[in-house]
Structures are given as structure tokens and as C-alpha cells.
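Student: Below is the file structure-v3.cif, with mmCIF, C-alpha atoms and all ligand atoms.
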```
data_coords
#
loop_
_atom_site.label_atom_id
_atom_site.label_comp_id
_atom_site.auth_asym_id
_atom_site.auth_seq_id
_atom_site.Cartn_x
_atom_site.Cartn_y
_atom_site.Cartn_z
CA MET A 106 126.41 98.09 109.16
CA THR A 107 127.53 101.47 107.78
CA LYS A 108 131.11 102.18 108.65
CA PRO A 109 133.13 105.25 107.89
CA THR A 110 135.82 104.42 105.33
CA SER A 111 139.19 104.14 106.96
CA ILE A 112 142.52 102.58 106.18
CA VAL A 113 142.60 101.04 109.67
CA PRO A 114 140.55 97.81 109.60
CA ILE A 115 137.54 98.20 111.86
CA GLU A 116 136.21 95.28 113.83
CA GLN A 117 132.74 94.22 112.72
CA PRO A 118 130.05 94.97 115.30
CA LYS A 119 128.36 91.99 116.93
CA THR A 120 125.17 91.63 114.91
CA LEU A 121 121.91 89.86 115.65
CA LEU A 122 119.78 88.92 112.64
CA ILE A 123 116.07 88.61 113.34
CA GLY A 124 113.99 86.58 110.90
CA ILE A 125 110.32 87.54 111.04
CA HIS A 126 107.40 85.31 110.21
CA SER A 127 104.19 87.31 110.34
CA PRO A 128 100.72 87.31 108.79
CA PHE A 129 101.88 90.29 106.71
CA ASN A 130 104.59 88.25 105.13
CA PRO A 131 102.86 85.16 103.72
CA ILE A 132 105.94 83.17 102.69
CA ARG A 133 105.37 79.53 101.80
CA ASP A 134 108.81 78.30 102.77
CA ILE A 135 109.90 80.40 105.72
CA GLU A 136 113.20 78.55 106.17
CA SER A 137 114.23 79.50 102.67
CA TYR A 138 113.14 83.11 103.30
CA TYR A 139 115.40 83.13 106.39
CA GLN A 140 118.20 81.66 104.33
CA GLU A 141 117.76 84.41 101.76
CA PHE A 142 117.91 86.99 104.56
CA LYS A 143 121.14 85.43 105.87
CA ASN A 144 122.53 85.51 102.31
CA LEU A 145 121.63 89.20 102.09
CA ALA A 146 123.56 89.80 105.33
CA ALA A 147 126.50 87.67 104.20
CA SER A 148 126.57 89.45 100.81
CA ASN A 149 127.02 92.61 102.86
CA GLY A 150 129.84 91.18 104.94
CA VAL A 151 127.65 90.85 108.06
CA SER A 152 128.15 87.78 110.26
CA THR A 153 125.21 85.36 110.42
CA GLU A 154 126.39 83.75 113.65
CA HIS A 155 123.60 85.21 115.77
CA PHE A 156 120.19 84.53 114.30
CA MET A 157 116.79 84.53 115.97
CA ALA A 158 113.50 83.52 114.32
CA ILE A 159 110.38 85.26 115.60
CA ARG A 160 106.81 84.37 114.76
CA LEU A 161 104.44 87.29 115.22
CA ARG A 162 100.66 87.02 115.27
CA SER A 163 100.34 90.77 114.98
CA ILE A 164 102.60 93.75 114.46
CA ASP A 165 102.91 96.45 117.07
CA SER A 166 102.56 99.74 115.23
CA ALA A 167 104.99 101.58 117.52
CA ASN A 168 107.63 98.94 118.29
CA PHE A 169 107.02 96.36 115.56
CA LEU A 170 107.58 93.53 118.09
CA THR A 171 104.84 92.63 120.53
CA GLN A 172 105.73 93.06 124.24
CA GLY A 173 106.74 89.46 125.03
CA LYS A 174 108.93 89.11 121.93
CA LEU A 175 110.47 92.50 122.59
CA GLU A 176 111.49 91.37 126.07
CA ASP A 177 113.06 88.20 124.61
CA VAL A 178 115.12 90.27 122.19
CA ILE A 179 116.18 92.77 124.87
CA ALA A 180 117.38 89.86 127.05
CA LEU A 181 119.35 88.27 124.19
CA VAL A 182 120.92 91.57 123.16
CA LYS A 183 122.11 92.11 126.76
CA LYS A 184 123.32 88.55 127.23
CA GLU A 185 125.32 88.39 123.98
CA GLY A 186 126.55 91.99 124.01
CA ILE A 187 124.87 92.65 120.63
CA GLU A 188 125.75 95.98 119.03
CA GLU A 189 123.40 96.01 116.05
CA VAL A 190 120.18 94.26 115.14
CA ILE A 191 118.91 93.69 111.60
CA PHE A 192 115.31 92.70 110.84
CA SER A 193 114.36 90.55 107.85
CA ASP A 194 111.36 92.78 107.09
CA ALA A 195 110.85 96.48 106.52
CA LEU A 196 110.36 98.65 109.61
CA SER A 197 108.66 102.03 109.67
CA PRO A 198 110.96 104.93 110.60
CA GLN A 199 109.20 105.19 113.96
CA GLN A 200 109.58 101.46 114.69
CA GLU A 201 113.25 101.62 113.78
CA ARG A 202 113.81 104.54 116.16
CA ASN A 203 111.80 103.04 119.01
CA LEU A 204 113.54 99.67 118.73
CA SER A 205 116.91 101.37 118.63
CA ARG A 206 116.10 103.14 121.91
CA LEU A 207 114.58 100.07 123.60
CA LEU A 208 117.42 97.74 122.57
CA SER A 209 120.11 100.40 123.12
CA CYS A 210 121.80 99.54 119.85
CA HIS A 211 121.67 100.29 116.14
CA VAL A 212 118.65 98.83 114.40
CA PHE A 213 118.46 98.25 110.65
CA ASP A 214 115.87 96.66 108.43
CA ARG A 215 115.75 94.79 105.14
CA THR A 216 115.72 98.01 103.12
CA ASP A 217 118.90 99.27 104.83
CA LEU A 218 120.58 95.94 104.10
CA ILE A 219 119.67 95.96 100.41
CA LEU A 220 120.54 99.62 99.95
CA GLU A 221 123.94 99.04 101.47
CA ILE A 222 124.70 96.09 99.18
CA PHE A 223 123.79 98.28 96.24
CA GLU A 224 125.89 101.13 97.57
CA LYS A 225 128.95 98.90 97.92
CA GLY A 226 128.44 97.16 94.60
CA ALA A 227 127.46 99.89 92.15
CA GLN A 228 130.20 100.27 89.54
CA SER A 229 129.02 102.56 86.76
CA ALA A 230 128.47 106.28 87.20
CA GLU A 231 124.78 105.70 86.51
CA GLY A 232 124.54 102.87 89.03
CA LYS A 233 126.30 104.91 91.70
CA THR A 234 124.08 107.94 91.12
CA GLN A 235 120.93 105.82 91.22
CA VAL A 236 121.92 104.22 94.52
CA ALA A 237 122.92 107.56 96.05
CA LEU A 238 119.51 108.91 95.09
CA ALA A 239 117.72 105.93 96.62
CA MET A 240 119.75 106.28 99.82
CA LEU A 241 118.91 109.95 100.14
CA GLN A 242 115.25 109.21 99.56
CA HIS A 243 115.43 106.61 102.32
CA GLN A 244 117.22 109.05 104.62
CA LYS A 245 114.54 111.63 103.92
CA SER A 246 111.77 109.20 104.85
CA ARG A 247 113.66 108.48 108.09
CA LEU A 248 113.32 112.16 109.02
CA THR A 249 109.53 112.00 108.83
CA GLY A 250 107.94 111.94 112.24
CA ARG A 251 111.00 113.18 114.02
CA GLY A 252 109.71 116.72 113.72
CA LEU A 253 106.84 116.18 116.09
CA TYR A 254 109.09 114.54 118.67
CA MET A 255 111.62 117.31 118.34
CA SER A 256 109.10 120.15 118.48
CA GLN A 257 107.55 118.69 121.63
CA GLN A 258 110.90 119.36 123.23
CA GLY A 259 110.65 122.94 122.10
CA GLY A 260 107.22 123.84 123.39
CA ARG A 261 103.52 123.12 123.06
CA ILE A 262 102.30 120.72 120.37
CA GLY A 263 101.18 122.73 117.39
CA THR A 264 103.82 125.38 117.73
CA ARG A 265 106.76 125.24 115.40
CA GLY A 266 109.53 124.45 117.81
CA PRO A 267 113.24 124.19 117.09
CA GLY A 268 112.88 120.49 116.21
CA GLU A 269 110.63 121.27 113.30
CA THR A 270 113.05 123.87 111.99
CA GLN A 271 115.95 121.43 112.28
CA LYS A 272 113.98 118.78 110.41
CA GLU A 273 113.08 121.28 107.70
CA LYS A 274 116.74 122.24 107.33
CA GLU A 275 117.82 118.61 107.00
CA THR A 276 115.00 117.87 104.57
CA GLN A 277 115.92 120.87 102.45
CA HIS A 278 119.55 119.81 102.40
CA ILE A 279 118.63 116.29 101.27
CA GLU A 280 116.24 117.63 98.64
CA HIS A 281 118.98 119.89 97.32
CA LEU A 282 121.38 116.94 96.99
CA MET A 283 118.66 114.84 95.36
CA LEU A 284 117.98 117.53 92.79
CA LYS A 285 121.65 117.59 91.85
CA LEU A 286 121.76 113.79 91.53
CA ARG A 287 118.61 113.80 89.39
CA ARG A 288 120.28 116.28 87.03
CA ASP A 289 123.42 114.10 86.84
CA LEU A 290 121.26 111.08 86.17
CA ALA A 291 119.36 112.85 83.41
CA LYS A 292 122.70 113.61 81.67
CA LEU A 293 123.81 109.98 81.99
CA GLN A 294 120.46 108.83 80.67
CA THR A 295 120.90 110.96 77.57
CA VAL A 296 124.14 109.09 76.87
CA ARG A 297 122.39 105.74 77.40
CA GLU A 298 119.52 106.81 75.14
CA THR A 299 121.95 107.80 72.36
CA GLN A 300 123.73 104.44 72.65
CA ARG A 301 120.41 102.67 72.55
CA LYS A 302 119.26 104.57 69.46
CA GLN A 303 122.49 103.59 67.73
CA ARG A 304 121.86 99.98 68.64
CA LEU A 305 118.22 100.07 67.61
CA SER A 306 119.15 101.56 64.26
CA SER A 307 121.18 98.40 63.68
CA GLU A 308 117.79 96.61 63.83
CA LEU A 309 119.19 93.74 65.83
CA PRO A 310 116.70 92.06 68.14
CA LEU A 311 117.33 92.67 71.83
CA MET A 312 116.98 89.91 74.44
CA CYS A 313 117.09 90.70 78.16
CA LEU A 314 118.03 88.22 80.85
CA ILE A 315 115.88 89.05 83.83
CA GLY A 316 114.92 87.31 87.05
CA TYR A 317 115.34 86.87 90.74
CA THR A 318 118.77 87.53 92.20
CA ASN A 319 121.17 84.57 92.12
CA ALA A 320 119.08 82.67 89.54
CA GLY A 321 122.06 82.41 87.16
CA LYS A 322 121.53 85.27 84.66
CA SER A 323 125.19 86.32 84.46
CA THR A 324 126.32 82.69 84.26
CA ILE A 325 124.03 82.24 81.24
CA LEU A 326 125.27 85.44 79.59
CA ASN A 327 128.84 84.26 80.06
CA GLN A 328 128.05 80.80 78.73
CA LEU A 329 126.20 82.14 75.68
CA THR A 330 128.62 84.90 74.75
CA LYS A 331 131.89 83.63 76.22
CA SER A 332 132.06 86.77 78.37
CA SER A 333 133.35 87.11 81.86
CA VAL A 334 130.69 89.12 83.66
CA LEU A 335 130.94 88.64 87.42
CA ALA A 336 128.80 85.66 88.44
CA GLU A 337 128.96 84.41 91.98
CA ASP A 338 126.96 82.87 94.76
CA LYS A 339 126.07 86.21 96.22
CA LEU A 340 122.88 88.26 96.11
CA PHE A 341 123.01 91.22 93.75
CA ALA A 342 126.32 90.30 92.16
CA THR A 343 125.15 92.28 89.10
CA LEU A 344 124.08 95.89 89.48
CA ASP A 345 124.75 97.29 86.04
CA THR A 346 123.29 96.29 82.70
CA THR A 347 125.76 94.64 80.33
CA THR A 348 124.92 94.16 76.65
CA ARG A 349 126.74 91.76 74.32
CA GLU A 350 126.33 90.52 70.78
CA LEU A 351 124.94 87.02 70.68
CA PHE A 352 126.20 84.53 68.10
CA ILE A 353 124.89 80.98 68.03
CA GLU A 354 126.53 78.56 65.65
CA LYS A 355 128.32 81.52 64.07
CA LYS A 356 124.99 83.23 63.30
CA LYS A 357 124.33 86.66 64.79
CA ILE A 358 121.07 86.30 66.69
CA GLY A 359 120.99 89.80 68.19
CA LEU A 360 121.97 91.60 71.35
CA ILE A 361 121.61 90.19 74.82
CA SER A 362 121.58 92.15 78.09
CA ASP A 363 122.23 90.98 81.63
CA THR A 364 120.34 93.00 84.25
CA VAL A 365 120.15 93.57 87.98
CA GLY A 366 118.28 90.82 89.85
CA PHE A 367 115.03 91.31 91.74
CA ILE A 368 114.14 90.26 95.27
CA GLN A 369 110.96 90.02 97.31
CA GLN A 370 110.12 93.26 99.08
CA LEU A 371 112.57 95.10 96.86
CA PRO A 372 112.60 98.60 98.33
CA HIS A 373 110.36 100.74 96.18
CA LYS A 374 112.99 103.47 96.24
CA LEU A 375 115.37 101.13 94.47
CA ILE A 376 112.92 100.17 91.76
CA GLU A 377 112.35 103.89 91.19
CA ALA A 378 116.06 104.58 91.14
CA PHE A 379 116.88 101.67 88.84
CA LYS A 380 114.17 102.48 86.34
CA SER A 381 116.72 104.01 83.99
CA THR A 382 119.07 101.00 84.09
CA LEU A 383 116.10 98.73 83.63
CA SER A 384 114.67 100.86 80.84
CA GLU A 385 116.54 98.37 78.62
CA LEU A 386 113.64 96.00 79.31
CA GLN A 387 111.10 98.28 77.69
CA HIS A 388 113.00 98.03 74.42
CA ALA A 389 113.49 94.27 74.55
CA HIS A 390 112.03 91.99 71.88
CA LEU A 391 112.26 89.03 74.26
CA LEU A 392 112.53 88.71 78.03
CA ILE A 393 114.42 85.62 79.12
CA GLN A 394 113.24 85.05 82.68
CA VAL A 395 115.78 82.93 84.52
CA ILE A 396 114.49 80.97 87.51
CA ASP A 397 116.45 78.91 90.02
CA ALA A 398 114.44 75.71 89.57
CA ALA A 399 115.96 74.20 92.70
CA ASP A 400 114.75 76.97 95.01
CA THR A 401 111.61 75.88 96.85
CA ASN A 402 110.25 79.41 96.52
CA TRP A 403 110.67 79.49 92.73
CA GLU A 404 107.02 80.32 92.09
CA GLU A 405 107.04 83.26 94.52
CA HIS A 406 110.18 84.46 92.78
CA ILE A 407 108.33 84.45 89.45
CA ASN A 408 105.53 86.48 91.05
CA VAL A 409 108.04 89.02 92.37
CA VAL A 410 109.54 89.37 88.88
CA HIS A 411 106.08 89.87 87.36
CA ASP A 412 105.22 92.54 89.95
CA VAL A 413 108.41 94.46 89.19
CA LEU A 414 107.82 94.13 85.43
CA ASP A 415 104.34 95.55 85.96
CA GLU A 416 105.82 98.48 87.76
CA LEU A 417 108.34 99.03 84.97
CA GLY A 418 105.63 98.85 82.30
CA ALA A 419 107.25 95.80 80.69
CA ALA A 420 104.72 93.14 81.67
CA ASP A 421 103.40 92.56 78.15
CA LYS A 422 106.72 91.71 76.53
CA PRO A 423 107.16 88.25 74.97
CA MET A 424 108.82 86.04 77.56
CA VAL A 425 110.42 82.63 77.84
CA TYR A 426 110.76 80.99 81.26
CA VAL A 427 114.16 79.41 81.66
CA PHE A 428 114.32 77.02 84.61
CA ASN A 429 117.99 76.88 85.51
CA LYS A 430 120.15 74.76 87.82
CA THR A 431 118.49 71.49 86.79
CA ASP A 432 121.55 69.64 88.08
CA LYS A 433 120.26 70.46 91.57
CA LEU A 434 116.84 68.90 90.97
CA ALA A 435 116.14 65.50 92.50
CA ASN A 436 113.52 64.64 89.85
CA LYS A 437 113.63 66.66 86.65
CA GLU A 438 110.41 65.18 85.14
CA LEU A 439 108.38 65.88 88.26
CA ALA A 440 109.75 69.41 88.45
CA ASP A 441 108.96 69.98 84.77
CA PHE A 442 105.36 69.00 85.51
CA SER A 443 105.10 71.70 88.17
CA PHE A 444 106.46 74.28 85.72
CA ARG A 445 103.68 73.52 83.19
CA ASN A 446 101.74 76.74 83.86
CA TYR A 447 104.66 78.82 82.64
CA GLN A 448 104.81 78.73 78.85
CA PRO A 449 106.91 78.67 76.83
CA HIS A 450 109.48 77.20 79.17
CA ILE A 451 112.72 75.28 78.96
CA LEU A 452 114.97 73.55 81.46
CA ILE A 453 118.69 74.18 81.41
CA GLN A 454 121.90 73.96 83.36
CA GLY A 455 123.48 77.32 82.68
CA ASN A 456 126.95 76.59 83.98
CA THR A 457 127.95 73.98 81.39
CA PRO A 458 128.18 74.20 77.57
CA GLU A 459 125.95 71.11 77.13
CA GLY A 460 123.47 72.26 79.77
CA ILE A 461 122.77 75.53 77.92
CA GLU A 462 121.94 73.83 74.60
CA PRO A 463 118.11 73.91 75.00
CA LEU A 464 118.27 77.71 75.38
CA LYS A 465 120.42 78.03 72.27
CA ALA A 466 117.96 75.89 70.31
CA PHE A 467 115.06 78.00 71.56
CA LEU A 468 116.77 81.28 70.60
CA ILE A 469 117.65 80.05 67.10
CA ASP A 470 113.98 79.15 66.52
CA TRP A 471 112.78 82.38 68.04
CA GLU A 472 115.02 84.47 65.80
CA LYS A 473 113.88 82.56 62.68
CA ASN A 474 110.25 83.22 63.55
CA LEU A 475 110.83 86.92 64.09
CA LYS A 476 110.93 87.49 60.38
N1 LIG A 501 124.55 74.21 90.31
C1 LIG A 501 124.39 75.21 89.47
N2 LIG A 501 124.79 76.45 89.82
C2 LIG A 501 124.58 77.46 88.94
C3 LIG A 501 123.98 77.25 87.67
N3 LIG A 501 123.89 78.45 87.04
C4 LIG A 501 124.43 79.36 87.89
N4 LIG A 501 124.86 78.76 89.02
C5 LIG A 501 125.48 79.41 90.20
O1 LIG A 501 124.54 80.28 90.80
C6 LIG A 501 125.20 81.39 91.42
C7 LIG A 501 124.57 82.69 90.93
O2 LIG A 501 124.84 82.85 89.56
P1 LIG A 501 124.85 84.28 88.85
O3 LIG A 501 125.03 84.02 87.40
O4 LIG A 501 125.78 85.22 89.53
O5 LIG A 501 123.34 84.72 89.16
P2 LIG A 501 122.62 86.10 88.76
O6 LIG A 501 121.21 85.74 88.42
O7 LIG A 501 123.41 86.82 87.73
O8 LIG A 501 122.65 86.83 90.17
P3 LIG A 501 122.61 88.42 90.51
O9 LIG A 501 123.52 89.14 89.58
O10 LIG A 501 123.07 88.46 91.91
O11 LIG A 501 121.18 88.82 90.35
C8 LIG A 501 126.68 81.26 91.03
O12 LIG A 501 127.36 80.68 92.13
C9 LIG A 501 126.65 80.31 89.83
O13 LIG A 501 127.84 79.56 89.70
C10 LIG A 501 123.56 75.92 87.33
O14 LIG A 501 123.00 75.63 86.28
N5 LIG A 501 123.78 74.96 88.27
MG MG A 502 124.28 88.63 87.80
#
```
Represent the structure contained in this file as C-alpha cells.

Tutor:
Amino acid sequence: MTKPTSIVPIEQPKTLLIGIHSPFNPIRDIESYYQEFKNLAASNGVSTEHFMAIRLRSIDSANFLTQGKLEDVIALVKKEGIEEVIFSDALSPQQERNLSRLLSCHVFDRTDLILEIFEKGAQSAEGKTQVALAMLQHQKSRLTGRGLYMSQQGGRIGTRGPGETQKEKETQHIEHLMLKLRRDLAKLQTVRETQRKQRLSSELPLMCLIGYTNAGKSTILNQLTKSSVLAEDKLFATLDTTTRELFIEKKKIGLISDTVGFIQQLPHKLIEAFKSTLSELQHAHLLIQVIDAADTNWEEHINVVHDVLDELGAADKPMVYVFNKTDKLANKELADFSFRNYQPHILIQGNTPEGIEPLKAFLIDWEKNLK
């Protein structure tokens, strides 16, 4: 995946995507999980031509794949001349290293894939710093364990061989860089905090569009505020928070923010890193959770969003569930029945002026009742 930047176009390596179905990943609709994984790869410019689905009954702690499956993958990698393999799930640093050696090619996991999308897509100084911090944290965790292997080369186990020293040096270097980035981030956060205070002093209610990636948040922001925030059929199209004034029928309702989307198994490092961007949520008067109603995993997506909100300390905020993309539903009434546990909720089609009307009506009522 990671390529050095160069003006000469570099040919993409031949990549094999491996979709994992295991007891540790209890996904209801595995096909849609695989599709999401392929979308993650495609959003990163990785070809999805070579895909292999693997069902595991157990996970091998050292190599992730059990022996038989490992042999299947080795054979395919040889036969197709595969140069890099990406797994749909997270691998431990040791599993990633062992697989890399056994398959004789680069091995990446879901976290690498997501981090790289974020790295390529971050626009603002804050976004870029946050991603750089998350990447360094990831790199640091990848050093763990290597020390023992390296020091065994240097002498008896238990002695501090040259490997350990090398690892310490690298760790120190990374920690030094991380410290610098944290300082930069703190400065940027001060600016954000000042802007927020100015906004709060205006006493306008703040609404935040939140939800799973690709649910349609930016489309809705654009439709409501006639903006032109990037909205596309790509995972993590939005990485920075955008705030706009919201007028409905010429009445100023408040401020509305579009935020970065969530995804299942969102690397913890990224949640940590994006806490400052997402701090907007903690100040929101209303969370507008956008859900792709046509995605068979919609309920799991809601659970993912709730887990992340918990982690961000924003789980108790008033929320409206906005089921979007109703034009893609075969039976709207039946679907509405399955959404009944999520209240209050509305159904919309965010990409047309008529389709967004129920959300406008809801927000007008909500604003009236605020007083
Ligand atoms: N059919 C249909 N497509 C929609 C609707 N709303 C949004 N889309 C499409 O869904 C895709 C994702 O929309 P975005 O607005 O970028 O989604 P997002 O939630 O902002 O995604 P991230 O920023 O990646 O988290 C785009 O291709 C939109 O055109 C809708 O109501 N119906
Ligand atoms: Mg978006």
C-alpha cells in the first residue's frame, strides 16, 4: 500500500484481499462486511480483483491463519504472483510479521488500510496532525515484540542484546515525534476552542450530523445548507468537521456540523486521535444520526456509532435517528417497522430537495421546543 511519493507513476503492486469470517467477528451479513472491506480497499486506490474469503473456526495466535488455510494462501500467492496481502480484520504485530515472512510479501491489516485512507485524505492542519499521531502510535505498537527476537540474535535471552537497544532507540525517536505532534495539536485545539466559545456565545443551538461512513451525512448537510462539502460514494470522504449556519424557511435554526464517519473495528488509535475533531459532539444540543437504511447491516452500524459515542462521552446527548436512502428500499413501510426501536426517527432521501423535507420539519419543531 504505502508508496514513496514520486513524480514517476508507480505501478500498483498485485494485491490479494482476504476477507475473514471468524467467531471473533460476529457479523450478521458477512457478504456486506466483505463488500465494505473491498470499498475500504477501493477508497485507498487498491485493486479488488483478487479476493479470497476465509472462514476460520479458531485463530492461530502466532500466524492468525490456521495451518490448512495458511497453505491455501501461500499457494495462491505463489500462483498469482501476489506482492501484498491485506486482511479484513486486525492482526497483532507478531501475526503481521509472521505472515509477511511465511507469504514472502507485504502484509497489511484493516487498521493499516484505514490509517492510510485517513493519511491521504486529511486536509486541515488538525486532521493531518491527528492522523500523523495515530500512525506513529501504530508504528510504535508494531515495534513491540521485535526486541525479544532481535536480542535473541545478540545473545542469551534475558541479556540486553543489540536488538533491544535498537528497539529502544526507535521507540524513543517515535515518542519524541509524538510529543512534538501532541504540542502542535494542543495549539490547534486552542484555536478550535476559541472559535467554539465565540460560537457558543452566540447562543445558537448546535446540531451534529454523525453516523457510519457513507451513510449520507455530507449529502444532507449540502442539501440543508446549499453547501458543497465533498460527498461521494467512498468510505471516509469526510475527515474534517465542517460547521454551517442552518436556515429553514428563512428562519435561522442554528449551526450544523458534518463530522467524520465511523466504521466497525475503527482503530482505537484513530478514535483517540480524532477526539479533538469530534469534541464538537460534546457541545451539541442535538445529534442527528444518519443511517443508510438500505444497508443490511444498518443495526450493527447503529451499535458501532453508539460504542464510539460512549467512548467520546457523548452517549447521553439528545438524538434523532435519520434513516436515509429510502429510495433504495424495496418496502418502505416494512423497513419503517423494523426501525421502531429507534426513537425518535424519521425516513428521508437526503439527495433530493423533496426527500429531505421530513428532516426539515423535524428540525423546525425541535427548535421551537427548545425554548
Ligand atoms: N440513493 C441514494 N444515495 C444517497 C442518498 N444520500 C446520499 N447518497 C449517496 O451516498 C454516498 C455517500 O454520501 P456522503 O454524503 O458522502 O456520505 P457521508 O456519510 O458523508 O460519508 P463519509 O464522509 O465517508 O463518512 C454518495 O454517493 C451519495 O450520493 C440517498 O438518499 N439516496
Ligand atoms: Mg461525509

Student: When distances are computed from all atoms listed in the file, which of A:Ser246, A:Asn319, A:Ser443, A:Asn408 shows the smallest separation from ligand MG 502 (chain A)?

Tutor: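 The shortest atom-to-atom distance to ligand MG 502 (chain A) comes from A:Asn319.
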
Student: Please identify every residue of segment 323-408 of chain A that has at least one atom no farther than 12 Å from an atom of segment 286-290 of chain A, counting only C-alpha atoms, and for each give the shortest atom pair and the distance in Å to one decimal, arranged by chain then increasing number, as a Markdown table.

Tutor:
```
| residue | atom | partner | partner_atom | distance |
| --- | --- | --- | --- | --- |
| A:Glu377 | CA | A:Arg287 | CA | 11.9 |
| A:Ala378 | CA | A:Leu290 | CA | 9.7 |
| A:Phe379 | CA | A:Leu290 | CA | 10.7 |
| A:Lys380 | CA | A:Leu290 | CA | 11.1 |
| A:Ser381 | CA | A:Leu290 | CA | 8.7 |
| A:Thr382 | CA | A:Leu290 | CA | 10.5 |
```

Student: Just give me the residues with any atom within 12 Å of (111.8, 84.4, 66.0), file coordinates, counting all atoms listed in the file, written as a VMD selection string.

Tutor: chain A and resid 309 to 312 358 to 359 390 to 391 423 466 to 476

Student: For Gln370 of chain A, please output as a PyMOL selection string all residues within 9 Å (counting only C-alpha atoms; exclusion window: fewer than 2 positions along the same chain).

Tutor: chain A and resi 194-195+215-216+368+372-373+409

Student: Using 12 Å as the limit and counting all atoms listed in the file, can you tabulate each residue of segment 400-453 of chain A that touches segment 324-344 of chain A, with its shortest atom-to-atom distance in Å and the two atoms involved, as CSV?

Tutor:
```
residue,atom,partner,partner_atom,distance
A:Val427,CA,A:Ile325,CA,10.3
A:Phe428,CA,A:Ile325,CA,11.5
A:Asn429,CA,A:Ile325,CA,9.1
A:Lys430,CA,A:Thr324,CA,10.7
A:Ile453,CA,A:Ile325,CA,9.7
```

Student: Please produce a file of the residues just selected, as an mmCIF file, in the coordinates of the input, where the atoms kept are C-alpha atoms.

Tutor:
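Contents of part_37.cif, as written:
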```cif
data_model
loop_
_atom_site.group_PDB
_atom_site.id
_atom_site.type_symbol
_atom_site.label_atom_id
_atom_site.label_comp_id
_atom_site.auth_asym_id
_atom_site.auth_seq_id
_atom_site.Cartn_x
_atom_site.Cartn_y
_atom_site.Cartn_z
ATOM 1 C CA VAL A 427 114.160 79.410 81.660
ATOM 2 C CA PHE A 428 114.320 77.020 84.610
ATOM 3 C CA ASN A 429 117.990 76.880 85.510
ATOM 4 C CA LYS A 430 120.150 74.760 87.820
ATOM 5 C CA ILE A 453 118.690 74.180 81.410
#
```

Student: Record the distance separating atom CA of Lys119 of chain A and atom CA of Leu220 of chain A, expressed in Å with one decimal.

Tutor: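 Between atom CA of Lys119 of chain A and atom CA of Leu220 of chain A the gap is 20.2 Å.
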
Student: At a cut-off of 8 Å around the point (123.0, 96.2, 82.7) (file coordinates), what residues fall inside when counting all atoms listed in the file? I'd like the answer as a PyMOL selection string.

Tutor: chain A and resi 343-348+362-365+382-383+385

Student: Using only C-alpha atoms and all ligand atoms, find the one residue out of A:Lys322, A:Lys225, A:His281, A:Arg301 that sits nearest to ligand LIG 501 (chain A).

Tutor: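 Closest residue, counting only C-alpha atoms and all ligand atoms: A:Lys322.
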
Student: I need the residue nearest Leu248 of chain A from this list: A:Thr234, A:Gln294, A:Ser197, A:Gln303. Use only C-alpha atoms for the distance.

Tutor: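 Closest residue, counting only C-alpha atoms: A:Ser197.
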
Student: Provide the atom CA of Glu141 of chain A to atom CA of Ile393 of chain A distance in Å, to one decimal place.

Tutor: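 Calculated distance between atom CA of Glu141 of chain A and atom CA of Ile393 of chain A is 22.9 Å.
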
Student: Using only C-alpha atoms, which of A:Ala291, A:Val425, A:Leu452, A:Ala227 sits nearest Glu438 of chain A?

Tutor: A:Leu452

Student: Rounded to one decimal, what separation in Å do you get between atom CA of Lys274 of chain A and atom CA of Gln244 of chain A?

Tutor: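 The value is 13.5 Å.
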
Student: Measuring between only C-alpha atoms and all ligand atoms, which one of A:Val410, A:Leu371, A:Asn446, A:Gly316 shows the shortest distance to ligand MG 502 (chain A)?

Tutor: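 Using only C-alpha atoms and all ligand atoms, ligand MG 502 (chain A) sits closest to A:Gly316.
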
Student: Within 10 Å of Gln200 of chain A, counting all atoms listed in the file, which residues show up once you throw out same-chain ones fewer than 4 positions away? Write them as a list in words, please.

Tutor: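 So the residues in contact are Asp165, Ser166, Ala167, Asn168, Phe169, Leu170, Ala195, Leu196, Leu204, Ser205, Arg206 and Val212 of chain A.
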
Student: Please determine, counting all atoms listed in the file, which residue among A:Tyr426, A:Thr431, A:Leu161, A:Arg202 has the shortest atom-to-atom distance to Lys174 of chain A.

Tutor: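 Looking at the shortest contact to Lys174 of chain A, the residue is A:Leu161.
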
Student: Kindly add N, CA and C atoms to the incomplete segment 379-391 of chain A and provide the output as a PDB file, in the coordinates of the input.

Tutor:
```
ATOM      1  N   PHE A 379     116.291 102.501  89.893  1.00  0.00           N
ATOM      2  CA  PHE A 379     116.880 101.670  88.840  1.00  0.00           C
ATOM      3  C   PHE A 379     116.055 101.639  87.560  1.00  0.00           C
ATOM      4  N   LYS A 380     115.022 102.485  87.531  1.00  0.00           N
ATOM      5  CA  LYS A 380     114.170 102.480  86.340  1.00  0.00           C
ATOM      6  C   LYS A 380     114.981 102.791  85.085  1.00  0.00           C
ATOM      7  N   SER A 381     115.987 103.653  85.210  1.00  0.00           N
ATOM      8  CA  SER A 381     116.720 104.010  83.990  1.00  0.00           C
ATOM      9  C   SER A 381     117.597 102.850  83.533  1.00  0.00           C
ATOM     10  N   THR A 382     118.266 102.166  84.477  1.00  0.00           N
ATOM     11  CA  THR A 382     119.070 101.000  84.090  1.00  0.00           C
ATOM     12  C   THR A 382     118.170  99.935  83.471  1.00  0.00           C
ATOM     13  N   LEU A 383     116.993  99.784  84.087  1.00  0.00           N
ATOM     14  CA  LEU A 383     116.100  98.730  83.630  1.00  0.00           C
ATOM     15  C   LEU A 383     115.261  99.152  82.424  1.00  0.00           C
ATOM     16  N   SER A 384     115.464 100.390  81.983  1.00  0.00           N
ATOM     17  CA  SER A 384     114.670 100.860  80.840  1.00  0.00           C
ATOM     18  C   SER A 384     114.996 100.006  79.608  1.00  0.00           C
ATOM     19  N   GLU A 385     116.153  99.321  79.655  1.00  0.00           N
ATOM     20  CA  GLU A 385     116.540  98.370  78.620  1.00  0.00           C
ATOM     21  C   GLU A 385     115.390  97.378  78.354  1.00  0.00           C
ATOM     22  N   LEU A 386     114.711  97.002  79.434  1.00  0.00           N
ATOM     23  CA  LEU A 386     113.640  96.000  79.310  1.00  0.00           C
ATOM     24  C   LEU A 386     112.506  96.467  78.410  1.00  0.00           C
ATOM     25  N   GLN A 387     112.221  97.774  78.495  1.00  0.00           N
ATOM     26  CA  GLN A 387     111.100  98.280  77.690  1.00  0.00           C
ATOM     27  C   GLN A 387     111.372  98.200  76.191  1.00  0.00           C
ATOM     28  N   HIS A 388     112.649  98.094  75.838  1.00  0.00           N
ATOM     29  CA  HIS A 388     113.000  98.030  74.420  1.00  0.00           C
ATOM     30  C   HIS A 388     113.290  96.603  73.956  1.00  0.00           C
ATOM     31  N   ALA A 389     113.144  95.659  74.883  1.00  0.00           N
ATOM     32  CA  ALA A 389     113.490  94.270  74.550  1.00  0.00           C
ATOM     33  C   ALA A 389     112.462  93.643  73.622  1.00  0.00           C
ATOM     34  N   HIS A 390     112.933  92.760  72.731  1.00  0.00           N
ATOM     35  CA  HIS A 390     112.030  91.990  71.880  1.00  0.00           C
ATOM     36  C   HIS A 390     111.669  90.679  72.573  1.00  0.00           C
ATOM     37  N   LEU A 391     112.521  90.267  73.512  1.00  0.00           N
ATOM     38  CA  LEU A 391     112.260  89.030  74.260  1.00  0.00           C
ATOM     39  C   LEU A 391     112.839  89.149  75.666  1.00  0.00           C
TER      40      LEU A 391
END
```
